[in-house]
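Asks: The following block contains the structure, expressed as structure tokens.
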Amino acid sequence: MWVVVELRQLRYFVVVAEELHFRRAAERLFISAPTLSQQIKVLEREMGGALLSREPRVELTAAGEVLFRTGKEVLRSVDSAVRETRRASAAGAPVVRFGLLNGVPPWLPSRIEELLPSGTRMVLTGGTTADQVRLLDDDEVDLALVRAPVTLPDRFAQRPVARDELGVLMSSAHPLANSDEVEPGDLTDQELILFARESAAGLHDELLRALRERGAQVRLSDSAMGHAQMLTVLPLRPDLIGLSSSRAADRPGLVWRPLRGGPLAVTYAAIWRVPVRNPAVRVLVDMLAADPKWRATADRT
């Protein structure tokens with residue numbers, strides 16, 4: 001009997017097996033928990049039995065243990081084959097493996113690409129701040145974008161490259177939606193939905209600290225999700241608030257308002273390993289340090 005298993009489903013299962021928690025796994029994969037659960041059920045049907053027990057907590061079955069062990073090996077082999085193929089296809093042409101941070105301002109990677117030497121090809125790998133740090137440490141990318149503050153090994157260097165003002169994002173039906181600006185005190189006891197802490201622990205803690213300093217004693221939601229999922233949930237939940245740049249202001253059913261008395265901000269930083277081995281990355285790093293446009297951008301609020 002033929003068994004059809006997609007690599008995507010196998011990746012989903014491996015992440016669930018690592019986390020033993022559907023919500024955390026869904027956050028890492030940037031899909032919804034119901035979608036993830038449905039895909040795992042499809043995989044279980046193909047395999048002919050349960051891979052996970054779900055009550056009272058998520059655990060691997062004996063079959064799941066086998067697939068977890070062998071599935072990781074399969075994915076490592078596939079990823080290695082992709083990397084080797086990319087290197088072969090780019091033979092003779094300089095390549096920069098770039099870690100593209102999820103939700104980064106669209107203009108930022110384009111401007112970085114402009115600084116690369118002519119003829120250099122950029123290969124992109126997406127992920128969260130935590131993903132990008134891991135990819136850089138595993139030598140799977142040459143340079144990456146992260147959200148600061150972030151704790152890095154001594155073998156890494158970093159440079160701020162941009163800042164984004166953050167305001168309050170909410171349903172158009174939220175009681176604060178009619179205000180031109182949001183008073184920090186008005187956020188007291190409001191339920192704030194944030195990204196999972198493990199995806200960018202430094203920024204997560206910094207945002208909560210900054211809100212408290214401004215007198216906004218928010219309640220952190222038990223739910224955690226990425227920005228794309230938050231944009232879907234907030235219009236349906238006028239009892240929740242989120243933090244976002246004004247880029248989300250034109251979404252139907254949503255309202256974005258600045259925070260009175262000084263905005264919150266997120267800083268984007270480029271990170272790389274030292275010493276720099278890739279000549280194209282060395283040129284790019286030198287340009288980031290020398291170009292006044294970047295200094296002005298990094299200092300912008």
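Just remember, in the structure tokens the first chain shown is A, the second B, etc., residues are 1-based per chain, and ligands are 1-based in the order shown.
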Can you pull out every residue within 10 Å of A:Ser37, counting only C-alpha atoms, but drop anything in the same chain fewer than 6 positions away, and send it as a list in words?
Replies: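 Near A:Ser37, the qualifying residues are Tyr12, Phe13, Val16, Phe22, Arg23, Ala26 and Leu43 of chain A.
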Asks: Tell me, as a list in words, which residues lie within 12 Å of A:Glu19, counting only C-alpha atoms; anything in the same chain fewer than 2 positions away does not count.
Replies: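 So, after excluding close chain neighbours, the residues are Tyr12, Phe13, Val14, Val15, Val16, Ala17, His21, Phe22, Arg23, Arg24, Ala25, Ala26, Glu27, Arg28, Leu29, Arg57, Val58, Glu59, Leu60, Phe68 and Glu198 of chain A.
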Asks: Which residues are near A:Arg97? Cut-off 10 Å, only C-alpha atoms, ignore same chain within fewer than 2 positions. Put them as a VMD selection string.
Replies: chain A and resid 95 99 to 100 121 to 125 136 139 to 144 278 281
Asks: With N, CA, C and O atoms kept, could you save the residues just selected as a PDB file, in the first residue's frame?
Replies:
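Produced file selection-v6.pdb, reproduced below:
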```pdb
ATOM      1  N   VAL A  95      27.103  34.332  -3.097  1.00  0.00           N
ATOM      2  CA  VAL A  95      25.793  34.107  -2.505  1.00  0.00           C
ATOM      3  C   VAL A  95      25.822  34.578  -1.059  1.00  0.00           C
ATOM      4  O   VAL A  95      26.776  34.321  -0.327  1.00  0.00           O
ATOM      5  N   GLY A  99      18.915  35.668   6.611  1.00  0.00           N
ATOM      6  CA  GLY A  99      17.837  35.301   7.518  1.00  0.00           C
ATOM      7  C   GLY A  99      16.790  36.394   7.563  1.00  0.00           C
ATOM      8  O   GLY A  99      17.017  37.461   8.142  1.00  0.00           O
ATOM      9  N   LEU A 100      15.658  36.151   6.925  1.00  0.00           N
ATOM     10  CA  LEU A 100      14.599  37.149   6.810  1.00  0.00           C
ATOM     11  C   LEU A 100      13.642  37.015   7.993  1.00  0.00           C
ATOM     12  O   LEU A 100      12.915  36.025   8.109  1.00  0.00           O
ATOM     13  N   ARG A 121      23.883  36.967  -5.245  1.00  0.00           N
ATOM     14  CA  ARG A 121      22.540  36.413  -5.128  1.00  0.00           C
ATOM     15  C   ARG A 121      22.204  36.232  -3.664  1.00  0.00           C
ATOM     16  O   ARG A 121      23.020  35.759  -2.873  1.00  0.00           O
ATOM     17  N   MET A 122      20.980  36.625  -3.296  1.00  0.00           N
ATOM     18  CA  MET A 122      20.531  36.486  -1.914  1.00  0.00           C
ATOM     19  C   MET A 122      19.578  35.305  -1.807  1.00  0.00           C
ATOM     20  O   MET A 122      18.597  35.220  -2.537  1.00  0.00           O
ATOM     21  N   VAL A 123      19.872  34.398  -0.885  1.00  0.00           N
ATOM     22  CA  VAL A 123      19.019  33.245  -0.599  1.00  0.00           C
ATOM     23  C   VAL A 123      18.375  33.483   0.758  1.00  0.00           C
ATOM     24  O   VAL A 123      19.066  33.737   1.745  1.00  0.00           O
ATOM     25  N   LEU A 124      17.049  33.405   0.823  1.00  0.00           N
ATOM     26  CA  LEU A 124      16.315  33.816   2.013  1.00  0.00           C
ATOM     27  C   LEU A 124      15.817  32.620   2.815  1.00  0.00           C
ATOM     28  O   LEU A 124      15.368  31.621   2.252  1.00  0.00           O
ATOM     29  N   THR A 125      15.890  32.761   4.140  1.00  0.00           N
ATOM     30  CA  THR A 125      15.298  31.791   5.059  1.00  0.00           C
ATOM     31  C   THR A 125      14.540  32.566   6.120  1.00  0.00           C
ATOM     32  O   THR A 125      15.117  33.379   6.837  1.00  0.00           O
ATOM     33  N   LEU A 136      21.904  31.218  12.368  1.00  0.00           N
ATOM     34  CA  LEU A 136      23.238  31.820  12.250  1.00  0.00           C
ATOM     35  C   LEU A 136      24.263  30.973  12.989  1.00  0.00           C
ATOM     36  O   LEU A 136      25.370  30.735  12.495  1.00  0.00           O
ATOM     37  N   ASP A 139      25.322  27.968  11.144  1.00  0.00           N
ATOM     38  CA  ASP A 139      25.940  28.294   9.851  1.00  0.00           C
ATOM     39  C   ASP A 139      25.002  28.000   8.682  1.00  0.00           C
ATOM     40  O   ASP A 139      25.423  27.602   7.599  1.00  0.00           O
ATOM     41  N   GLU A 140      23.718  28.236   8.890  1.00  0.00           N
ATOM     42  CA  GLU A 140      22.751  28.070   7.813  1.00  0.00           C
ATOM     43  C   GLU A 140      22.405  29.399   7.151  1.00  0.00           C
ATOM     44  O   GLU A 140      21.794  29.414   6.079  1.00  0.00           O
ATOM     45  N   VAL A 141      22.747  30.504   7.778  1.00  0.00           N
ATOM     46  CA  VAL A 141      22.638  31.826   7.166  1.00  0.00           C
ATOM     47  C   VAL A 141      23.924  32.587   7.466  1.00  0.00           C
ATOM     48  O   VAL A 141      24.651  32.266   8.414  1.00  0.00           O
ATOM     49  N   ASP A 142      24.214  33.590   6.636  1.00  0.00           N
ATOM     50  CA  ASP A 142      25.415  34.407   6.812  1.00  0.00           C
ATOM     51  C   ASP A 142      25.137  35.689   7.582  1.00  0.00           C
ATOM     52  O   ASP A 142      26.023  36.217   8.265  1.00  0.00           O
ATOM     53  N   LEU A 143      23.934  36.199   7.433  1.00  0.00           N
ATOM     54  CA  LEU A 143      23.529  37.433   8.091  1.00  0.00           C
ATOM     55  C   LEU A 143      22.024  37.368   8.292  1.00  0.00           C
ATOM     56  O   LEU A 143      21.311  36.826   7.458  1.00  0.00           O
ATOM     57  N   ALA A 144      21.538  37.907   9.405  1.00  0.00           N
ATOM     58  CA  ALA A 144      20.108  37.793   9.702  1.00  0.00           C
ATOM     59  C   ALA A 144      19.607  39.068  10.358  1.00  0.00           C
ATOM     60  O   ALA A 144      20.379  39.860  10.914  1.00  0.00           O
ATOM     61  N   ASN A 278      32.474  35.284   4.535  1.00  0.00           N
ATOM     62  CA  ASN A 278      31.901  35.528   3.210  1.00  0.00           C
ATOM     63  C   ASN A 278      32.274  36.948   2.762  1.00  0.00           C
ATOM     64  O   ASN A 278      31.871  37.923   3.396  1.00  0.00           O
ATOM     65  N   VAL A 281      29.377  39.382   2.449  1.00  0.00           N
ATOM     66  CA  VAL A 281      28.850  39.821   3.743  1.00  0.00           C
ATOM     67  C   VAL A 281      29.777  40.858   4.356  1.00  0.00           C
ATOM     68  O   VAL A 281      29.321  41.825   4.981  1.00  0.00           O
TER      69      VAL A 281
END
```
Asks: Just asking: which residues within stretch 104-212 of chain A are strand (DSSP E) according to DSSP, as a ChimeraX atom specification?
Replies: /A:121-127,143-148,156-171,191-194
Asks: Where does stretch 82-184 of chain A meet stretch 259-265 of chain A within 6 Å, residue by residue, with the nearest atom pair and distance in Å to one decimal for each, counting only C-alpha atoms, listed by chain and rising number, as CSV?
Replies:
```
residue,atom,partner,partner_atom,distance
A:Asp164,CA,A:Ala265,CA,5.4
A:Glu165,CA,A:Ala265,CA,4.4
A:Leu166,CA,A:Leu264,CA,5.1
A:Gly167,CA,A:Leu259,CA,5.6
A:Glu181,CA,A:Arg260,CA,5.7
A:Val182,CA,A:Leu259,CA,5.0
A:Glu183,CA,A:Arg260,CA,5.4
```
Asks: So which one's closest to A:Arg257, A:Gln9, A:Ser171, A:Gln190, A:Gln132? Using only C-alpha atoms, please.
Replies: A:Ser171
Asks: If you count only C-alpha atoms, which residues fall within 12 Å of A:Arg251, apart from same-chain ones fewer than 4 positions away, as a compact mmCIF listing (two decimals) with N, CA and C atoms, in the first residue's frame?
Replies:
```
# COMPACT_ATOMS: atom_id res chain seq x y z
N LEU A 169 -3.17 48.12 18.74
CA LEU A 169 -4.02 47.59 17.67
C LEU A 169 -5.21 46.90 18.32
N MET A 170 -6.40 47.18 17.81
CA MET A 170 -7.61 46.62 18.43
C MET A 170 -8.74 46.55 17.41
N SER A 171 -9.76 45.85 17.81
CA SER A 171 -10.98 45.79 17.00
C SER A 171 -11.61 47.18 16.91
N SER A 172 -12.24 47.47 15.80
CA SER A 172 -12.94 48.75 15.66
C SER A 172 -14.11 48.85 16.63
N ALA A 228 0.62 37.66 12.17
CA ALA A 228 -0.40 37.33 11.16
C ALA A 228 -1.65 36.75 11.83
N MET A 230 -2.58 37.31 14.92
CA MET A 230 -3.19 38.37 15.70
C MET A 230 -4.11 39.23 14.83
N LEU A 231 -3.70 39.50 13.60
CA LEU A 231 -4.52 40.29 12.70
C LEU A 231 -5.85 39.60 12.39
N THR A 232 -5.85 38.29 12.44
CA THR A 232 -7.07 37.54 12.20
C THR A 232 -7.97 37.52 13.43
N VAL A 233 -7.36 37.43 14.60
CA VAL A 233 -8.13 37.26 15.84
C VAL A 233 -8.72 38.58 16.33
N LEU A 234 -7.95 39.67 16.29
CA LEU A 234 -8.39 40.92 16.93
C LEU A 234 -9.73 41.45 16.42
N PRO A 235 -10.03 41.42 15.11
CA PRO A 235 -11.35 41.93 14.70
C PRO A 235 -12.51 41.17 15.33
N SER A 244 1.39 46.81 17.58
CA SER A 244 1.75 46.68 16.17
C SER A 244 2.25 48.02 15.65
N SER A 246 2.04 50.91 12.59
CA SER A 246 0.87 51.47 11.91
C SER A 246 0.60 50.79 10.58
N ARG A 247 1.49 49.87 10.15
CA ARG A 247 1.27 49.18 8.88
C ARG A 247 0.00 48.35 8.90
N VAL A 255 -8.32 48.92 14.23
CA VAL A 255 -7.98 50.32 14.47
C VAL A 255 -6.62 50.36 15.14
N TRP A 256 -5.76 51.25 14.67
CA TRP A 256 -4.44 51.45 15.28
C TRP A 256 -4.39 52.84 15.89
```
Asks: For A:Thr61, work out the shell of residues within 12 Å, counting only C-alpha atoms and skipping chain neighbours fewer than 6 positions away, then give it as a list in words.
Replies: Ala17, Leu20, Glu44, Gly49, Ala50, Leu51, Leu52, Ser53, Arg54, Glu55, Leu67 and Phe68 of chain A
Asks: Among stretch 134-301 of chain A, which residues does DSSP mark as helix (DSSP H, G or I) when it is run on the backbone? Keep the chain and numbering as in the structure and answer as a ChimeraX atom specification.
Replies: /A:134-137,184-187,197-199,201-213,227-236,246-248,279-290,292-299
Asks: Atom CA of A:Val276 to atom CA of A:Ile112: how many Å, to one decimal?
Replies: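 A separation of 16.7 Å between them.
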Asks: Report the distance between atom CA of A:Asp79 and atom CA of A:Thr129 in Å, rounded to one decimal place.
Replies: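 Those two atoms sit 20.2 Å apart.
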Asks: Can you measure atom CA of A:Asn102 to atom CA of A:Gln229 for me? One decimal in Å is fine.
Replies: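 Those two atoms sit 12.3 Å apart.
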